[in-house]
>>> print(open('protein_11.txt').read())   # compact mmCIF, C-alpha atoms
# COMPACT_ATOMS: atom_id res chain seq x y z
CA MET M 156 72.14 98.24 139.19
CA VAL M 157 74.03 99.30 142.30
CA VAL M 158 76.81 96.83 143.02
CA THR M 159 77.17 95.66 146.61
CA GLN M 160 78.40 92.12 146.03
CA GLU M 161 79.42 89.87 143.18
CA ASN M 162 76.71 88.44 140.97
CA VAL M 163 77.12 84.74 140.31
CA ALA M 164 76.51 83.30 136.87
CA VAL M 165 74.38 80.17 136.78
CA ASN M 166 73.78 78.27 133.53
CA GLY M 167 74.96 81.28 131.56
CA SER M 168 72.51 83.73 133.15
CA ARG M 169 73.09 86.24 135.91
CA LYS M 170 71.83 85.24 139.33
CA LEU M 171 69.91 87.99 141.09
CA SER M 172 71.66 89.56 144.08
CA PRO M 173 69.86 90.53 147.30
CA GLN M 174 70.10 94.16 146.15
CA ASP M 175 68.38 93.26 142.85
CA ILE M 176 65.54 91.61 144.76
CA ALA M 177 65.25 94.57 147.14
CA ASP M 178 65.17 97.00 144.21
CA ASN M 179 62.42 94.96 142.52
CA LEU M 180 60.25 94.92 145.65
CA ARG M 181 60.98 98.58 146.33
CA GLU M 182 59.72 99.45 142.84
CA ARG M 183 56.51 97.51 143.46
CA ILE M 184 55.99 99.54 146.62
CA ARG M 185 56.74 102.80 144.82
CA THR M 186 54.27 102.08 142.00
CA GLY M 187 51.52 100.92 144.38
CA ASP M 188 51.54 97.25 143.41
CA LEU M 189 52.31 96.66 147.08
CA LYS M 190 50.52 99.04 149.44
CA ALA M 191 50.93 99.93 153.12
CA GLY M 192 49.59 97.06 155.21
CA ASP M 193 49.90 94.42 152.47
CA ARG M 194 51.71 91.22 153.40
CA LEU M 195 54.66 90.12 151.32
CA PRO M 196 54.74 86.57 149.95
CA THR M 197 56.59 84.07 152.12
CA GLN M 198 60.37 83.76 151.83
CA ALA M 199 59.89 80.42 150.07
CA GLU M 200 57.54 82.00 147.53
CA LEU M 201 59.91 84.90 146.91
CA ALA M 202 62.87 82.54 146.56
CA ASP M 203 60.93 80.54 143.98
CA GLU M 204 59.83 83.69 142.11
CA PHE M 205 63.35 85.13 141.85
CA GLY M 206 65.14 81.79 141.45
CA VAL M 207 67.44 82.28 144.45
CA GLU M 208 68.15 80.72 147.83
CA ARG M 209 66.20 81.87 150.87
CA GLY M 210 69.34 83.49 152.27
CA ALA M 211 69.32 86.01 149.39
CA VAL M 212 65.67 86.79 150.11
CA ARG M 213 66.40 87.31 153.80
CA GLN M 214 69.20 89.75 152.94
CA ALA M 215 66.88 91.64 150.57
CA LEU M 216 64.21 91.90 153.27
CA ARG M 217 66.80 93.28 155.69
CA VAL M 218 67.67 96.00 153.17
CA LEU M 219 63.99 96.96 152.88
CA GLN M 220 63.56 96.81 156.64
CA ASP M 221 66.58 99.07 157.17
CA GLY M 222 65.00 101.46 154.66
CA GLY M 223 61.81 101.61 156.71
CA LEU M 224 59.71 99.91 154.03
CA LEU M 225 58.72 96.79 156.01
CA SER M 226 57.16 96.15 159.40
CA ASN M 227 56.58 93.00 161.48
CA VAL M 228 59.74 91.46 160.03
CA SER M 229 60.48 89.27 163.05
CA LYS M 230 56.95 88.20 163.98
CA GLY M 231 57.13 84.69 162.49
CA SER M 232 54.93 85.52 159.48
CA PRO M 233 55.58 87.40 156.22
CA PRO M 234 56.29 91.09 156.89
CA ARG M 235 53.89 93.85 155.93
CA ILE M 236 54.55 96.95 153.89
CA ALA M 237 55.16 99.77 156.35
CA GLU M 238 53.10 102.93 156.56
CA PRO M 239 54.56 105.96 154.74
CA PRO M 240 57.24 107.85 156.69
CA PRO M 241 56.46 111.07 158.56
CA ALA M 242 56.15 114.35 156.70
CA LYS M 243 59.26 115.90 155.21
CA GLY M 244 61.41 117.57 157.84
CA ALA M 245 60.16 115.43 160.73
CA PRO M 246 63.04 113.73 162.59
CA GLN M 247 63.55 110.13 161.45
CA PRO M 248 66.16 107.40 161.96
CA THR M 249 69.10 107.91 159.62
CA VAL M 250 68.46 104.82 157.53
CA VAL M 251 64.89 106.03 156.83
CA GLY M 252 65.43 109.75 156.50
CA LEU M 253 68.66 109.99 154.52
CA ALA M 254 67.69 108.30 151.22
CA PRO M 255 64.91 110.74 150.19
CA ARG M 256 67.02 113.76 151.14
CA LEU M 257 69.96 112.43 149.08
CA THR M 258 67.65 111.72 146.17
CA GLU M 259 66.39 115.30 146.21
CA ALA M 260 69.95 116.59 146.42
CA PHE M 261 70.87 114.49 143.36
CA SER M 262 68.27 116.35 141.30
CA ALA M 263 70.65 119.34 141.23
CA ARG M 264 72.94 119.86 138.26
CA GLU M 265 76.04 119.87 140.48
CA VAL M 266 75.80 117.56 143.51
CA CYS M 267 78.06 118.29 146.49
CA VAL M 268 77.79 116.05 149.55
CA ASP M 269 80.01 116.47 152.61
CA VAL M 270 79.82 113.84 155.36
CA VAL M 271 81.20 113.28 158.85
CA CYS M 272 80.50 109.75 160.09
CA HIS M 273 81.89 106.80 162.00
CA THR M 274 81.53 104.39 159.06
CA SER M 275 79.82 104.91 155.70
CA GLU M 276 77.37 102.00 156.05
CA THR M 277 74.18 104.10 156.21
CA LEU M 278 75.41 106.41 153.48
CA MET M 279 76.18 103.41 151.27
CA LEU M 280 72.64 102.04 151.75
CA ALA M 281 70.92 105.40 151.30
CA LEU M 282 72.73 106.02 148.00
CA SER M 283 71.00 103.06 146.35
CA GLU M 284 67.86 105.11 145.67
CA PRO M 285 69.38 108.15 143.89
CA LEU M 286 71.77 105.89 141.97
CA ARG M 287 68.84 103.73 140.89
CA GLN M 288 67.05 106.81 139.60
CA ILE M 289 70.15 107.81 137.63
CA HIS M 290 70.28 104.34 136.05
CA GLU M 291 66.58 104.67 135.16
CA GLY M 292 67.18 108.08 133.55
CA ARG M 293 64.88 109.90 135.95
CA ILE M 294 67.63 112.24 137.21
CA ARG M 295 71.00 113.10 135.70
CA PRO M 296 73.38 115.49 137.45
CA GLU M 297 76.39 116.76 135.54
CA SER M 298 78.78 116.28 138.43
CA ILE M 299 78.87 114.51 141.80
CA THR M 300 81.39 115.38 144.51
CA PHE M 301 81.60 113.49 147.80
CA ARG M 302 83.93 114.44 150.64
CA VAL M 303 83.80 112.00 153.55
CA LEU M 304 85.48 112.34 156.93
CA LEU M 305 86.02 109.07 158.83
CA PRO M 306 87.99 108.34 162.02
CA SER M 307 91.65 107.55 161.50
CA ARG M 308 92.78 103.96 161.85
CA ASP M 309 95.58 105.11 164.16
CA ILE M 310 93.52 106.60 167.01
CA ASN M 311 92.04 105.03 170.13
CA LEU M 312 88.33 105.13 169.35
CA ALA M 313 85.83 106.20 172.00
CA PHE M 314 83.53 103.53 170.53
CA PRO M 315 83.34 100.71 169.70
CA VAL M 316 85.43 99.48 172.63
CA LEU M 317 85.43 96.33 174.73
CA ILE M 318 83.55 96.78 177.99
CA GLU M 319 86.36 95.06 179.88
CA GLY M 320 88.98 97.29 178.30
CA PRO M 321 91.38 96.94 175.34
CA SER M 322 92.81 93.52 174.51
CA ASP M 323 96.25 92.70 173.15
CA ASP M 324 94.93 91.85 169.68
CA ASP M 325 92.41 94.75 169.72
CA THR M 326 89.75 92.66 167.97
CA VAL M 327 87.05 95.32 168.24
CA HIS M 328 89.25 97.92 166.53
CA GLN M 329 90.14 95.50 163.73
CA ARG M 330 86.45 94.68 163.26
CA TRP M 331 85.60 98.38 163.00
CA LEU M 332 88.49 99.06 160.62
CA SER M 333 87.54 96.24 158.26
CA MET M 334 83.95 97.52 158.21
CA ARG M 335 85.05 101.12 157.67
CA ASP M 336 87.23 100.23 154.69
CA ALA M 337 84.88 97.69 153.09
CA GLN M 338 81.89 100.04 153.22
CA ALA M 339 83.92 102.97 151.95
CA ARG M 340 85.13 100.89 149.01
CA VAL M 341 81.56 99.91 148.08
CA LEU M 342 80.51 103.56 148.31
CA GLN M 343 83.43 104.57 146.12
CA HIS M 344 82.76 101.79 143.61
CA ASN M 345 79.06 102.57 143.24
CA LEU M 346 79.72 106.25 142.61
CA HIS M 347 82.54 105.61 140.16
CA ALA M 348 80.27 103.20 138.28
CA ILE M 349 78.01 106.17 137.48
CA ARG M 350 80.99 107.88 135.88
CA ALA M 351 81.74 104.81 133.77
CA THR M 352 78.16 104.11 132.65
CA HIS M 353 76.68 107.62 132.37
CA GLY M 354 79.65 109.89 131.80
CA ILE M 355 78.94 111.92 134.93
CA ASP M 356 81.92 113.73 136.44
CA VAL M 357 82.39 111.97 139.82
CA HIS M 358 84.88 112.73 142.58
CA VAL M 359 85.00 110.79 145.88
CA THR M 360 87.58 111.70 148.52
CA PHE M 361 88.10 110.42 152.06
CA ARG M 362 90.09 112.06 154.84
CA ALA M 363 90.89 110.80 158.33
CA LEU M 364 89.73 112.47 161.53
CA PRO M 365 92.06 112.48 164.56
CA PHE M 366 89.07 111.91 166.90
CA THR M 367 85.87 109.87 167.21
CA PRO M 368 82.98 112.00 165.92
CA PRO M 369 80.16 112.23 168.50
CA VAL M 370 77.64 113.11 165.77
CA LYS M 371 77.02 112.26 162.14
CA LEU M 372 76.60 115.15 159.73
CA TYR M 373 75.43 115.27 156.12
CA LEU M 374 75.73 118.54 154.18
CA LEU M 375 73.77 118.50 150.93
CA ASN M 376 74.64 121.02 148.21
CA GLY M 377 75.36 123.65 150.85
CA ALA M 378 71.60 124.04 151.29
CA GLU M 379 70.69 121.47 153.94
CA ALA M 380 72.36 120.00 157.02
CA LEU M 381 71.26 116.71 158.54
CA ILE M 382 72.67 115.94 161.98
CA GLY M 383 72.23 112.97 164.30
CA TYR M 384 73.78 111.98 167.61
CA TYR M 385 75.74 108.77 168.07
CA ILE M 386 74.35 107.30 171.29
CA PRO M 387 76.71 104.74 172.87
CA THR M 388 75.03 101.56 174.04
CA ARG M 389 76.10 98.21 175.45
CA ARG M 390 75.74 95.28 173.07
CA GLU M 391 77.17 91.92 172.01
CA GLU M 392 78.19 90.72 168.58
CA GLU M 393 79.69 87.54 167.17
CA TRP M 394 82.94 88.19 165.30
CA GLN M 395 85.37 85.54 164.04
CA SER M 396 84.14 82.90 166.53
CA GLN M 397 84.26 85.37 169.42
CA THR M 398 81.50 87.06 171.39
CA LEU M 399 82.42 90.71 171.70
CA GLU M 400 80.85 92.60 174.59
CA MET M 401 81.31 96.25 173.77
CA TYR M 402 80.12 99.81 173.96
CA ASP M 403 79.09 100.84 170.47
CA ALA M 404 76.73 103.23 168.68
CA LEU M 405 74.23 102.11 166.03
CA GLY M 406 74.40 104.96 163.55
CA SER M 407 71.45 103.71 161.49
CA LYS M 408 69.18 104.37 164.47
CA SER M 409 70.45 107.90 165.11
CA VAL M 410 67.58 110.36 164.63
CA LEU M 411 68.35 112.92 161.91
CA PHE M 412 67.43 116.56 162.40
CA SER M 413 67.12 118.61 159.22
CA PHE M 414 68.10 122.26 158.88
CA VAL M 415 67.27 123.85 155.53
CA LYS M 416 68.93 127.12 154.55
CA GLN M 417 65.76 128.54 153.01
CA ALA M 418 63.69 127.79 156.14
CA GLY M 419 64.78 130.96 157.90
CA GLN M 420 67.64 132.79 159.57
CA ARG M 421 68.16 130.22 162.34
CA ASP M 422 68.31 127.21 160.00
CA GLY M 423 70.44 129.15 157.52
CA ALA M 424 72.97 130.00 160.22
CA PHE M 425 73.15 126.36 161.30
CA VAL M 426 73.82 125.20 157.72
CA ASP M 427 76.48 127.87 157.20
CA GLU M 428 78.26 127.17 160.49
CA SER M 429 78.14 123.41 159.89
CA GLN M 430 79.73 123.92 156.48
CA LYS M 431 82.43 126.15 158.02
CA TRP M 432 83.13 123.45 160.63
CA PHE M 433 83.42 120.74 157.98
CA ASP M 434 85.67 122.85 155.72
CA ALA M 435 87.92 123.72 158.66
CA LEU M 436 88.33 120.06 159.59
CA TRP M 437 88.96 119.10 155.98
CA GLU M 438 91.63 121.76 155.45
CA THR M 439 93.47 121.63 158.78
CA ILE M 440 93.68 118.72 161.26
CA THR M 441 92.57 115.82 159.05
CA SER M 442 94.97 113.65 157.06
CA ASP M 443 95.01 111.48 153.95
CA LEU M 444 93.02 108.28 154.38
CA THR M 445 94.14 105.12 152.61
CA LEU M 446 91.64 102.25 152.37
CA SER M 447 93.19 98.88 153.17
>>> encode(input="protein_11.txt", output="C-alpha cells")
Amino acid sequence: MVVTQENVAVNGSRKLSPQDIADNLRERIRTGDLKAGDRLPTQAELADEFGVERGAVRQALRVLQDGGLLSNVSKGSPPRIAEPPPAKGAPQPTVVGLAPRLTEAFSAREVCVDVVCHTSETLMLALSEPLRQIHEGRIRPESITFRVLLPSRDINLAFPVLIEGPSDDDTVHQRWLSMRDAQARVLQHNLHAIRATHGIDVHVTFRALPFTPPVKLYLLNGAEALIGYYIPTRREEEWQSQTLEMYDALGSKSVLFSFVKQAGQRDGAFVDESQKWFDALWETITSDLTLS
C-alpha cells in the first residue's frame, strides 16, 4: 500500500484510507469489473461497502478523477467510468499522462527519474501506480534513483503570487512552501518504503532552483522526456480562514508532450539536450534543499 496519510485503527482492525479505496476501485477498472460508461455506486453505498465515512469516499473519488478514470463527477449523480485515454504519445494532462509513462519506466532494471517541477504533487500521485505494481510483484527494479529540482524557499516566486501584490506575512508563499515540503516528504516516504519492504536500492534527492520554472520536465531513464508548460491563471482559494486571490498555475492540467529517444533524430536530440540542461542545473546553480 502506498502511504499518503495515517491509517486509523478501529476495534483492532485497520480502517481503509482514501488511497486504499481508490486502489480497490482502480483495480476493478483495470480488470474490467467496471467498464467505460458504467456508473459507480453512490457515495453512501461505497461508504457502507468499505466501512468508512463519506468523506473518505469523496477523497478516493477525487484521486480517481485526477487520474482521469472518472467522468461526470460533479453532475449530482454517481460518476461514470471514463473512456480510455488517447493513444500512447498523444498529449494529455499531466495527471493522466504521467502515471502510465512512469509505470513503463519502472519496468527497467535500473530506474532513473529526473524532474523539474513547481511542487511534487502530480509526481506523488502518479507514483501510486508503479509502486502498487511493485507491491503486487508485477515489476521489480533493482534500483530506483530520483533527482528532483524544486524552487528554493528563499526566492520571490513568479507564481503563486497575490494579485494585489505581496503582503507583510506573505501568506501565499507560506502556503506554497508548506505544500512543497509536505508533498516532497510523502514522495520520499513512499519511495523509501519500497526499499524497506522489497530491498530495492532507492535514492531520492532534492535540490533547490534559484528561479521559478516555467515548465515541468520529467526525464525517464534517459530515454524519454515529458514536458508541459505552467500556464498562469487567476484563481481564488481558501487558506487558513482567508480567501487568497492569486495568480497561480495548475500543474496537474499542464498538457504533457512526449519525446522518445528511439522515435527519431529530432526526438532523440530533444531528450539529450533536456538531460544536458537538467544535469547542468543540478551541478551548478542549484543548492541543497532541506524539507521543513
>>> atom_distance(input="protein_11.txt", atom1="atom CA of M:Ala211", atom2="atom CA of M:Ser172")
6.8 Å
>>> residues_near_point(input="protein_11.txt", point="(69.9, 122.9, 158.0)", cutoff="6 Å", atoms="all atoms listed in the file", output="list in words")
Glu379, Ala380, Ser413, Phe414, Val415, Lys416, Asp422, Phe425 and Val426 of chain M
>>> atom_distance(input="protein_11.txt", atom1="atom CA of M:Glu208", atom2="atom CA of M:Asn179")
16.2 Å
>>> closest_atom_pairs(input="protein_11.txt", of="stretch 329-429 of chain M", to="stretch 276-290 of chain M", cutoff="7 Å", atoms="only C-alpha atoms", output="Markdown table")
| residue | atom | partner | partner_atom | distance |
| --- | --- | --- | --- | --- |
| M:Gln338 | CA | M:Glu276 | CA | 5.7 |
| M:Leu342 | CA | M:Met279 | CA | 5.2 |
| M:Ser407 | CA | M:Thr277 | CA | 6.0 |
>>> closest_residue(input="protein_11.txt", among="M:Gln174, M:Gln329, M:Ser396, M:Gln343", to="M:Ser275", atoms="only C-alpha atoms")
M:Gln343
>>> closest_atom_pairs(input="protein_11.txt", of="stretch 371-400 of chain M", to="stretch 258-272 of chain M", cutoff="8 Å", atoms="all atoms listed in the file", output="Markdown table")
| residue | atom | partner | partner_atom | distance |
| --- | --- | --- | --- | --- |
| M:Lys371 | CA | M:Cys272 | CA | 4.8 |
| M:Leu372 | CA | M:Val271 | CA | 5.0 |
| M:Tyr373 | CA | M:Val270 | CA | 4.7 |
| M:Leu374 | CA | M:Asp269 | CA | 5.0 |
| M:Leu375 | CA | M:Val268 | CA | 4.9 |
| M:Asn376 | CA | M:Cys267 | CA | 4.7 |
| M:Gly377 | CA | M:Cys267 | CA | 7.4 |
>>> atom_distance(input="protein_11.txt", atom1="atom CA of M:Glu297", atom2="atom CA of M:Ser442")
28.6 Å
>>> closest_residue(input="protein_11.txt", among="M:Ala202, M:Ala348, M:Val303, M:Met401", to="M:Thr441", atoms="only C-alpha atoms")
M:Val303
>>> residues_around(input="protein_11.txt", residues="M:Ala191", least_positions_apart="2", cutoff="9 Å", atoms="all atoms listed in the file", output="PyMOL selection string")
chain M and resi 184+187+189+193-194+224-225+235-239
>>> closest_residue(input="protein_11.txt", among="M:Leu253, M:Val357, M:Leu332, M:Ala378", to="M:Arg302", atoms="all atoms listed in the file")
M:Val357
>>> closest_residue(input="protein_11.txt", among="M:Glu393, M:Glu291, M:Asp403, M:Asp336", to="M:Ala313", atoms="all atoms listed in the file")
M:Asp403
>>> residues_around(input="protein_11.txt", residues="M:Ser409", least_positions_apart="2", cutoff="8 Å", atoms="all atoms listed in the file", output="list of chain:residue names")
M:Pro248, M:Thr249, M:Gly383, M:Tyr384, M:Tyr385, M:Ile386, M:Leu405, M:Gly406, M:Ser407, M:Leu411
>>> residues_around(input="protein_11.txt", residues="M:Asp356", least_positions_apart="4", cutoff="10 Å", atoms="all atoms listed in the file", output="VMD selection string")
chain M and resid 265 296 to 300 346 to 347 349 to 351
>>> write_last_selection(input="protein_11.txt", atoms="C-alpha atoms", output="PDB file, in the coordinates of the input")
ATOM      1  CA  GLU M 265      76.040 119.870 140.480  1.00  0.00           C
ATOM      2  CA  PRO M 296      73.380 115.490 137.450  1.00  0.00           C
ATOM      3  CA  GLU M 297      76.390 116.760 135.540  1.00  0.00           C
ATOM      4  CA  SER M 298      78.780 116.280 138.430  1.00  0.00           C
ATOM      5  CA  ILE M 299      78.870 114.510 141.800  1.00  0.00           C
ATOM      6  CA  THR M 300      81.390 115.380 144.510  1.00  0.00           C
ATOM      7  CA  LEU M 346      79.720 106.250 142.610  1.00  0.00           C
ATOM      8  CA  HIS M 347      82.540 105.610 140.160  1.00  0.00           C
ATOM      9  CA  ILE M 349      78.010 106.170 137.480  1.00  0.00           C
ATOM     10  CA  ARG M 350      80.990 107.880 135.880  1.00  0.00           C
ATOM     11  CA  ALA M 351      81.740 104.810 133.770  1.00  0.00           C
TER      12      ALA M 351
END
>>> closest_residue(input="protein_11.txt", among="M:Val316, M:Gly192, M:Thr360, M:Arg256", to="M:Glu391", atoms="all atoms listed in the file")
M:Val316
>>> closest_residue(input="protein_11.txt", among="M:Gln397, M:Trp432, M:Leu171, M:Met334", to="M:Glu204", atoms="all atoms listed in the file")
M:Leu171
>>> residues_near_point(input="protein_11.txt", point="(88.7, 110.6, 160.5)", cutoff="9 Å", atoms="all atoms listed in the file", output="count of residues only")
20
